[in-house]
Each structure stands twice: as C-alpha cells, then as structure tokens.
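Structure, as structure tokens:
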Amino acid sequence: MTDTLEAGAYNFAYLDEQTKRMIRRAILKGIAVPGYQVPFASREMPMPYGWGTGGVQVTAACLTPDDTLKVIDQGADDTTNAVSIRKFFQRTAAVAVTEATAEASIIQTRHRIPEAPLSEGQILVYQVPIPEPLRFLEPRETETRKMHELEEYGLMHVKLYEDIARHGHIATAYAYPVKVEGRYVMDPSPIPRFDNPKLAACPAIQLFGAGREQRIYALPPYTAVVSLDFDDHPFEASKAPHDCDLCGASDSYLDEVITDDAGGRMFVCSDTDYCRSRCEAGHMGRLGVPQQEAAE
Amino acid sequence: MTDTPLLSVRDLTKRYGARIGCADVSFDLYPGEVLGIVGESGSGKSTLLSCLAGHLRPDGGQLSYAGRNVLGMSETDRRRLSRTEWAFVHQNPRDGLRMGVSAGGNVGERLMAIGARHYGDIRDTAIDWLGRVEINADRIDDRPRAFSGGMQQRLQIARNLVTAPRLVFMDEPTGGLDVSVQARLLDLLRGLVRDLGLSVVIVTHDLAVVRLLADRLMVMKSGRVVEQGLTDQVLDDPQHAYTQLLVSSVLQV
Amino acid sequence: MYVAVKGGERAIDAAHAWLAEERRGDRTVAALSIDQIREQLALAVNRVMVEGSLYDPDLAALAIKQARGDLIEAIFLIRAYRTTLPRFGASNPVKTAEMAVVRRISATFKDLPGGQVLGPTFDYTHRLLDFALMAEGEAPIGLAERGAAALGTLDPVPHVTEFLNRDGLIETEAPSDGTPPDLTREPMELPAARPLRLQALTRGDEGFVLSLAYSTQRGYGRTHAFVGELRIGSVAVEMEIPELGFAVEIGEIELTECESVNQFKGSKTEPPQFTRGYGLVFGQTERKAIAMSLVDRALRWKELGEDFTGAPAQDEEFVLMHADNVQATGFLEHIKLPHYVDFQSELELIRRLRSEAMAAITTTQEAAE
C-alpha cells in the first residue's frame, strides 16, 4: 500500500476532485451562513474517525501546491497526531510545511488557537469531535436541528444558569458555546475558553470540520462571535495564574508539566512555536536559559 | 373584551380509523375567558385539546388564533407559538417539567428563551413566581424529583405562566392529586387567572373544577358536543339528558 | 533544565517498525498467504467484505493479514481503500429469486418446493474442539462426500414469502424504481426511509446488530419473528452499459438473504397480516442477515402503525447513529490522543471552585465560633 502512495497513485491531497468540490460547496455554504452546521458526505480517510478526518478533508479541499501547511495538536507541532497528519499531507500533496505560524497559509489545529495573531489570507482549520453545542443537553439530532432553526436556545442558557446555581460559576472550561453574528449558537471545538476571544474579528478564515458527525461550519473573517454568558456573570477567558517558565509570557495558555515524583511542576506555553520565537528574541522565564547556553 | 375571538374553532374533527375522536366541534373563545370542556373518559375532550394545542393533526375543520389560520401554519410557526403566546399545563407534571433541572431553572427557562440575560433578575423572578404558587423560596435549587405531586404541578404552572402567555391549555390539572391538594390548587389557579386576565381552555371530568374556574362550559359525549353555554346555566339547568345525568351523579362538592 | 518533549516523528517510525515485526510474528513459523486466509478463514473474509462494503475476497484477506486478525481494523482498511476507487455506475438490483442456492431453509414450513437444503452449516455440529485439525496433515474430503448441495442447486427456488403473498397473508412490498440514497455519498439525514436504514444495517457492526436483535426477542419491542427463509448462494451482477443499450453480467457474488416473517394483530390503520423483516449481506454471513432482518422489522414500527415502546431497537436515531463500527472505534479510541489542554482548563476550574468552597466553609466555621 505504501508503495502505491509514494508512486503518486493518489490524487493531489488524496481526495478526488469530485469530493473536493463537494466539500468546497459545503465550505462556501458555511461561510455564507456563519456558525450554521452544513451536512456533508464525509469520506472514509486513512486515519480513524475521531482522529481528525473532518479537519483533514477540509484542509485537503483547500490545499493548493503553493500553500505552506502547519499542523498542531494541543498547540504543539510535534505531538504524535500532528506529526502523523503533517506527514500525510507531505506524502499526498508534497506541500511545504512549517512550524512558524506566521509563515503558514493553512493551519490545521486540534484544541488550540495559535497565540500569534493571524492575518488575512490565512486559513485556520479546526478538528471538531462533536459539532453540536446542544448535543449533551438534547441527544436527538432531529430535535437540535429544529432548535437551531427556531433559535430555541433557552436550554443552553438553562445549563449555564444551573452551573451558577450549583457552583457559583459557569462550569464550562473548554468547547465554550458562542453566538455567531447574533444568530447561531456554535461549538468552537474543544479549545480552552481562554482562546474564545480570538474567534471574533479574526482576519483569517476559520473552518471547522467534523468527519464522523459529517458537518462543516465556518467563520468568515471579521465575524462577531460572543461567548454565552449572563450580564451579571460575564464570560472570563481564564488561564492558570502563572507566566511561562521558559519564555516568561504572561498572556499565553500554559501546559502544566510534572517534573518529579514529589509533585514538582512547571508551566510552559502550550503553543510551542510562540514560546520558541519568544525565547529566540531574548525573553526569559523563571526556568529559562539565555539563548547562547541553549545553543550549546 | 374585544369583538374578535382569540380562538375560533369550526367543525373540528379527528378520527382514529373508523372510530371518532372528536367531531364537528365549534366554539369561540374571547380574551380573558375560561372555557371548560367536560365529559367522561372517552368523550373526546382530551383529543379535542390535543388538536387545539397542535399536538395532533385534525382531519377536518378550521382553527384560527388571533385571526391566523393555525392549521395552515408551518410546523415551525406552530412551534414558535407554543413557546411564546401559548402554554400547556399537562395532567402529569412530569410531562411539563424538566425533571433534571432545578425549580429555578424550570421557571427561568421561558424567560431565557425570550432573551432574559441577567442571572440575578431571572432568579428573583423565579423566586417571586415560586412564591405565587406557594412553593418555599429555599426550594429554588431543588430538582422537581424531590417535590410532592401537588408541588410539581404548581411548579409546572409557574413555569408556564412566567412569560404571561395569551392562551393557556390545561389538561386535567388537578387529576391524580389528593382532594385537599386539589382544592388548594384550584384556589391558586382561580387567583392567577383573574389577576393575569388569562384566556384558558381547560379539560376535566370534574364538575367542581369548572364550577370554580370556567365562565363557559362545553359538555362532550362520544366525541361530540352535546351542550354548551354559561357554566352556571348549564350546571344549574341542564337541557341535554347526558348533562343532566352528569350533574346528578356528581359526588364531589 | 527542562527541554520540551520532542521526537514524535521518531517515536511513530519506531512504533510502526515494531508493529511490522509483531505482525509477522515468529519467523520460524511459515507466513500466512492470502490464499490461505481467503480459503480457510472465509467467514472472517465475509464479515470484512460486508462491513467494508466491498466485495473482493482477496482484498479482504489481505486486510485481515495486514490487520493481524483484528476484523474491525481490517474493515477500516477496506473502507479507506473503497473511498479511493472510481465509480463507473450502479448495477441493477440482484435477483435473489434466481439464486443458485447452496443452503436454503425455512422455519415456517416443514417442506416446500426446492426443499430444505442444509448446506455447509455449523448448526448441528457439536461444539467440541477437533484436535485432528491441530495435526499437520488431514484426510482429504472426497467430492462425493460433500454432496451435490455444495455445487448449488441449478433450478431457481421460489421465495417462501411468495407463497404467503399469494393468499394475501403477508404484506406486499411495493416495487419502486426510485434510486435509493447512498450513505457513502451523502450524509445521513434523519428521519431515514427504509432503504437508508437497510444500508446502514448491512454495513453495521455485527455484534451491535446481533445484540439489538436479541433484545427484540427478549421483549424490547417484540415482533414474534420466524425465519421465513434463509438462503445462501450466488447471484449474477448485471449492469446497464449505455453504449450497448442492454445489461451485461459483470460477475457473480455470494449472498446471504434472510426474510423474517413477523405477525401482528392489526392496528388502528392496518388489517391483520404477516409483516416482513429483511436482511441481505455478502458471503455466507447468516448471523448478521438474521439479526438485520429482526432489527429492520423493529425499526418499521411507525409505518406499520405500531406503538413506540421505548425499545432501543425501535429507536431509529439510536440504532443508525451507533451501528457503524469504524466510526465507533475511531471515536472511542480517540480518547487515547492527548487531551491535556482541555484537562488543564478543567484542572484550573476545579481548583478555583474548590478553593472558593473551602473559603466558604472556613468563613462559616469562623462565624459559628
């Protein structure tokens, strides 16, 4: 099988042109109605459902030979699934790849938005497990479809109300629901709520692909995206109250790393490219080292 | 009182195969009126109510609400109506409540559905309404599962009335409750209907309920309306043989 | 000094190399050939074809070898391969009435035209491990011993349901020229009509469909099923060639077809009659075909005017959304992927809630003192 792959037996970016056309039509519909989930005929891909097939199909439909692709998972380029997906596109599309956010024309991501602001002309492709924000309140798709159609989002706010009544806070830490252009409630994929503000007024095109659930949705550039909340319990983009121990950044989302058996820990930027570029620029955190030492 | 009926029904008919559910039912309901529909089990009263509220599709007749043709509406529009201008109080409160959501959440849902966004205000409104239906404010965060049948029913009423709907359908609201609990609930309903000026269609087999609540009465037997008129007139001076039988066999007060 | 974890690519390459070694196993043992798998593990091959939605015994055998015997993994390989194949068109519906049967039984009649043909079945074997199979050689079985049944009856055998149909005792299937929807081309949309449900069921996981069918037999939406007919054999596959203007036989495939006969006493809208359940799968895959016919029948409650009893097998959305094992295993196993970013956000939230709760308790205690 691998031989036929290398020998170019597959079309550019794996999918046949008909399929790409079908996906692009779904993408265009999504862009025309921001936040609305467009059904599409998801194809079986060489990686399992649940491992990014939606994102991969969207990326494959958008890729041209001139693109430069970045793939991240949990904010890092080197996590195993990001490596696997990037390799897939290198083999099937032979596109240039990069770890630098600013150099990429297409970024496929799982569970994070890059810290560095995006620019016009970039496309951010999100991998989505469950596209339906109401799914865990109402398991029936036939029902949630009607709720979106009629803008019946009372149940969503009931959930937030219950959280505050029980915990004193809204207890949703990731996949925090948002309202798009004042109309559709959307699940932004399991990004931490810290990332939600970056969804709004973004210069790049944001595309969301759910392969197993067969849905695509989109945010065109400069879209109004508001995280659901109450007037007296406003949304908070919270993160750990620390700075990055390597680069000192105070405004980036952090990974907690356990360093020894006694429970010692440190905090490091989840976005590895962001951290690296800050370190190279001379910023230093509590446990960071000056760049000359690091080079040795 | 205006000249236009709020709800207008002509020759409404629903069949189940060869059997009649209800047939040729006609009436008008004016704003602020309470219409009682009485009959024994199998009289067709529940079928009629389901047709009026949009739960069942009638086989014939016309139905209009505030001048709009209800039967000609899309399901979308009918659903929207059910969530905004109409309310439905189920016989079994479990059918009309979210059992997994707190009392406060249940009452607040219709408010949030129409755009209420201040947690404190929603909660205050919920507490106010719980008070109106005589549920203690400290139960606001409890789930209905922990309530007695009577309390659940009162919670369902609060949940339905909090957004001041124009038209309320009630299906045997006191059914399945103890006699003393029933009396308390009826008193409550009478007060609320009067204070809010609600228009109500209430279905019941219990004549005491209609005596207390309804302005006008429709008696049903085997799917048809056999008599209708002002409640006191129909009950004190029944014309139809069946009505006479019903009235005379009443054992409840 | 902390260095960010790197080396994901090397780890993956090393993992794949190790996997290849494990797949081969002990090198002093002869390697499996595709022919061996295809011939001697035919029922596994059948299942992979059915759920992979691709009739090609050699490819299915290859998938099983590559997947180290994990049938769902093999099904996944076939599905992924199928996606890349060009489509020339659709065949005509196969005529199971003209099937060259190797096995054909009916539970509803003692005897019937065409007879009860047992065929190569496990049904009446005693489940005792045969240690003779462990030995290297085995006595060759003569053709005569296998019996004519193995070669397939040449005369077409009429469907049992046709006899019932003649007397109007069983519901008639309304023939239709409409093009059935295709799950592999269009997203699943609910509510689904019967053709879509049948497609989802035939591709669905055998274990899932089996358990649902079992549940209907135990009272979760009972339909009193009889096996009206189970037939296994080969049918011709024909396709219209536009350039020629007529249909051409492009090959032959083995199918298992099960028609279940279910009785119900009539309802508000239907007079009493037998009703049908239908199962159709590639190869000799009986368990799946029978299970499919029971679940098909259970899902038809609405069009037959029956009550929804809340049984899982009657719940169309539940059954269709969870039948696909490639989707199921993908999503299930994806929880092995890193989720530490979301876990981190949960950690922060719970720490905050706990500290506030603790503070509240301390304040209450202080106030009490």
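Going through the structure tokens in order, the chains are called A, B, and so on, while each chain numbers its residues from 1 and the ligands are numbered from 1 in the order shown.
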- Find the residues of chain A in contact range of chain C, meaning any atom within 6 Å when counting only C-alpha atoms, and list them as a VMD selection string. chain A and resid 40 to 41 44 to 46 48 to 51 74 78 to 80 173 192
Determine, using only C-alpha atoms, which residues of chain B have any atom at most 12 Å from an atom of chain C, and tabulate each with its shortest atom pair and distance in Å to one decimal place, rows ordered by chain and then rising number, as a tab-separated table.
```
residue	atom	partner	partner_atom	distance
B:Arg15	CA	C:Lys268	CA	10.3
B:Tyr16	CA	C:Lys268	CA	6.6
B:Gly17	CA	C:Lys268	CA	5.7
B:Ala18	CA	C:Lys268	CA	8.6
B:Arg19	CA	C:Lys268	CA	9.2
B:Ile20	CA	C:Lys268	CA	12.0
```
- Message: So that I can check the secondary structure, give me every residue of range 25-256 of chain A assigned strand (DSSP E) by backbone DSSP, as JSON, numbers by chain.
- Response: {"A": [38, 39, 68, 69, 70, 71, 72, 73, 96, 97, 106, 107, 108, 109, 110, 123, 124, 125, 126, 127, 178, 179, 180, 184, 185, 186, 205, 206, 207, 208, 209, 210, 215, 216, 217, 218, 219, 225, 226, 227, 254, 255, 256]}
- Task: For chain A, list the residues within 6 Å of chain B, counting only C-alpha atoms, and write the list as a PyMOL selection string.
- Result: chain A and resi 154+158+230-232
Keeping N, CA and C atoms, export the residues of the selection given above as a short mmCIF file (atom, residue, chain, number, x, y, z; two decimals), in the first residue's frame.
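Result file is out-v4.cif:
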```cif
data_model
loop_
_atom_site.label_atom_id
_atom_site.label_comp_id
_atom_site.auth_asym_id
_atom_site.auth_seq_id
_atom_site.Cartn_x
_atom_site.Cartn_y
_atom_site.Cartn_z
N GLY A 154 -33.06 28.47 24.63
CA GLY A 154 -33.34 28.57 26.06
C GLY A 154 -32.61 27.51 26.86
N VAL A 158 -30.27 27.61 30.20
CA VAL A 158 -30.66 26.90 31.42
C VAL A 158 -29.44 26.18 31.98
N PHE A 230 -24.13 35.55 31.23
CA PHE A 230 -25.16 36.40 31.79
C PHE A 230 -24.57 37.77 32.02
N ASP A 231 -25.44 38.79 32.00
CA ASP A 231 -24.95 40.17 32.20
C ASP A 231 -24.22 40.29 33.52
N ASP A 232 -24.71 39.63 34.56
CA ASP A 232 -24.06 39.74 35.87
C ASP A 232 -23.09 38.59 36.15
#
```
- Task: Determine, counting only C-alpha atoms, which protein, DNA and RNA residues have an atom within 12 Å of an atom of Asp187 in chain B; residues of the same chain fewer than 6 positions away are not included. Present the result as a list in words.
- Result: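 Listed by chain and then number, they are Arg132, Val133, Glu134, Arg154, Thr174, Ser180, Val181, Val193, Arg194, Ala208, Val209, Arg211, Leu212 and Leu213 of chain B.
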Write a file of the just-selected residues containing all heavy atoms, as a JSON list (two decimals), in the first residue's frame.
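So the final result, stored in selection_10.json, reads:
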```
[["chain", "number", "residue", "atom", "x", "y", "z"],
["B", 132, "ARG", "N", -45.67, 32.88, 44.39],
["B", 132, "ARG", "CA", -47.07, 32.97, 43.92],
["B", 132, "ARG", "C", -47.76, 31.62, 43.86],
["B", 132, "ARG", "O", -48.97, 31.53, 44.00],
["B", 132, "ARG", "CB", -47.12, 33.61, 42.52],
["B", 132, "ARG", "CG", -46.82, 35.08, 42.54],
["B", 132, "ARG", "CD", -47.50, 35.74, 41.36],
["B", 132, "ARG", "NE", -46.59, 36.56, 40.61],
["B", 132, "ARG", "CZ", -46.98, 37.37, 39.62],
["B", 132, "ARG", "NH1", -48.25, 37.42, 39.28],
["B", 132, "ARG", "NH2", -46.10, 38.09, 38.98],
["B", 133, "VAL", "N", -46.97, 30.57, 43.59],
["B", 133, "VAL", "CA", -47.58, 29.24, 43.58],
["B", 133, "VAL", "C", -47.32, 28.51, 44.89],
["B", 133, "VAL", "O", -47.43, 27.29, 44.98],
["B", 133, "VAL", "CB", -47.10, 28.38, 42.37],
["B", 133, "VAL", "CG1", -47.51, 29.03, 41.06],
["B", 133, "VAL", "CG2", -45.62, 28.12, 42.41],
["B", 134, "GLU", "N", -46.96, 29.29, 45.91],
["B", 134, "GLU", "CA", -46.83, 28.77, 47.28],
["B", 134, "GLU", "C", -45.80, 27.66, 47.40],
["B", 134, "GLU", "O", -46.02, 26.65, 48.07],
["B", 134, "GLU", "CB", -48.20, 28.29, 47.78],
["B", 134, "GLU", "CG", -49.17, 29.46, 47.91],
["B", 134, "GLU", "CD", -50.60, 29.00, 48.15],
["B", 134, "GLU", "OE1", -50.77, 27.86, 48.66],
["B", 134, "GLU", "OE2", -51.53, 29.76, 47.86],
["B", 154, "ARG", "N", -47.75, 22.68, 40.81],
["B", 154, "ARG", "CA", -47.68, 24.13, 40.99],
["B", 154, "ARG", "C", -46.45, 24.70, 40.29],
["B", 154, "ARG", "O", -46.48, 25.79, 39.72],
["B", 154, "ARG", "CB", -47.70, 24.49, 42.47],
["B", 154, "ARG", "CG", -49.12, 24.40, 43.06],
["B", 154, "ARG", "CD", -49.18, 24.74, 44.52],
["B", 154, "ARG", "NE", -48.84, 23.61, 45.36],
["B", 154, "ARG", "CZ", -48.00, 23.66, 46.39],
["B", 154, "ARG", "NH1", -47.43, 24.79, 46.73],
["B", 154, "ARG", "NH2", -47.75, 22.58, 47.09],
["B", 174, "THR", "N", -55.88, 19.02, 37.91],
["B", 174, "THR", "CA", -55.97, 18.54, 39.29],
["B", 174, "THR", "C", -56.07, 17.02, 39.35],
["B", 174, "THR", "O", -56.22, 16.46, 40.43],
["B", 174, "THR", "CB", -57.22, 19.13, 39.98],
["B", 174, "THR", "OG1", -58.37, 18.76, 39.20],
["B", 174, "THR", "CG2", -57.13, 20.64, 40.06],
["B", 180, "SER", "N", -57.71, 17.56, 49.13],
["B", 180, "SER", "CA", -57.35, 18.83, 49.78],
["B", 180, "SER", "C", -56.32, 19.57, 48.94],
["B", 180, "SER", "O", -56.35, 20.81, 48.84],
["B", 180, "SER", "CB", -56.79, 18.56, 51.17],
["B", 180, "SER", "OG", -55.64, 17.74, 51.05],
["B", 181, "VAL", "N", -55.41, 18.82, 48.31],
["B", 181, "VAL", "CA", -54.40, 19.43, 47.44],
["B", 181, "VAL", "C", -55.08, 20.04, 46.23],
["B", 181, "VAL", "O", -54.73, 21.13, 45.78],
["B", 181, "VAL", "CB", -53.35, 18.38, 47.02],
["B", 181, "VAL", "CG1", -52.35, 18.97, 46.06],
["B", 181, "VAL", "CG2", -52.65, 17.83, 48.26],
["B", 193, "VAL", "N", -55.62, 33.24, 37.24],
["B", 193, "VAL", "CA", -56.40, 33.52, 36.02],
["B", 193, "VAL", "C", -57.00, 34.91, 36.09],
["B", 193, "VAL", "O", -56.96, 35.68, 35.13],
["B", 193, "VAL", "CB", -57.49, 32.45, 35.81],
["B", 193, "VAL", "CG1", -58.47, 32.87, 34.73],
["B", 193, "VAL", "CG2", -56.85, 31.12, 35.44],
["B", 194, "ARG", "N", -57.52, 35.24, 37.27],
["B", 194, "ARG", "CA", -58.15, 36.55, 37.45],
["B", 194, "ARG", "C", -57.11, 37.66, 37.39],
["B", 194, "ARG", "O", -57.27, 38.64, 36.67],
["B", 194, "ARG", "CB", -58.91, 36.55, 38.78],
["B", 194, "ARG", "CG", -59.80, 37.77, 38.99],
["B", 194, "ARG", "CD", -60.38, 37.78, 40.39],
["B", 194, "ARG", "NE", -59.34, 37.66, 41.40],
["B", 194, "ARG", "CZ", -59.40, 36.82, 42.46],
["B", 194, "ARG", "NH1", -60.44, 36.04, 42.61],
["B", 194, "ARG", "NH2", -58.41, 36.78, 43.32],
["B", 208, "ALA", "N", -66.66, 20.15, 39.66],
["B", 208, "ALA", "CA", -66.30, 21.16, 40.66],
["B", 208, "ALA", "C", -65.25, 22.12, 40.11],
["B", 208, "ALA", "O", -65.26, 23.31, 40.42],
["B", 208, "ALA", "CB", -65.78, 20.47, 41.91],
["B", 209, "VAL", "N", -64.36, 21.58, 39.30],
["B", 209, "VAL", "CA", -63.29, 22.41, 38.71],
["B", 209, "VAL", "C", -63.89, 23.47, 37.80],
["B", 209, "VAL", "O", -63.54, 24.64, 37.88],
["B", 209, "VAL", "CB", -62.28, 21.53, 37.94],
["B", 209, "VAL", "CG1", -61.28, 22.39, 37.18],
["B", 209, "VAL", "CG2", -61.55, 20.59, 38.89],
["B", 211, "ARG", "N", -66.96, 24.53, 37.80],
["B", 211, "ARG", "CA", -67.82, 25.42, 38.57],
["B", 211, "ARG", "C", -66.99, 26.58, 39.13],
["B", 211, "ARG", "O", -67.41, 27.72, 39.12],
["B", 211, "ARG", "CB", -68.46, 24.63, 39.73],
["B", 211, "ARG", "CG", -69.24, 25.45, 40.70],
["B", 211, "ARG", "CD", -70.62, 25.80, 40.24],
["B", 211, "ARG", "NE", -71.58, 24.69, 40.37],
["B", 211, "ARG", "CZ", -72.88, 24.82, 40.13],
["B", 211, "ARG", "NH1", -73.38, 25.96, 39.70],
["B", 211, "ARG", "NH2", -73.70, 23.79, 40.28],
["B", 212, "LEU", "N", -65.79, 26.23, 39.56],
["B", 212, "LEU", "CA", -64.95, 27.24, 40.20],
["B", 212, "LEU", "C", -64.22, 28.13, 39.19],
["B", 212, "LEU", "O", -64.02, 29.31, 39.43],
["B", 212, "LEU", "CB", -63.91, 26.52, 41.07],
["B", 212, "LEU", "CG", -63.38, 27.29, 42.27],
["B", 212, "LEU", "CD1", -64.53, 27.62, 43.22],
["B", 212, "LEU", "CD2", -62.32, 26.49, 42.98],
["B", 213, "LEU", "N", -63.80, 27.56, 38.09],
["B", 213, "LEU", "CA", -62.88, 28.28, 37.20],
["B", 213, "LEU", "C", -63.51, 28.79, 35.91],
["B", 213, "LEU", "O", -63.12, 29.83, 35.40],
["B", 213, "LEU", "CB", -61.70, 27.37, 36.80],
["B", 213, "LEU", "CG", -60.66, 27.02, 37.86],
["B", 213, "LEU", "CD1", -59.58, 26.15, 37.24],
["B", 213, "LEU", "CD2", -60.02, 28.29, 38.42]]
```
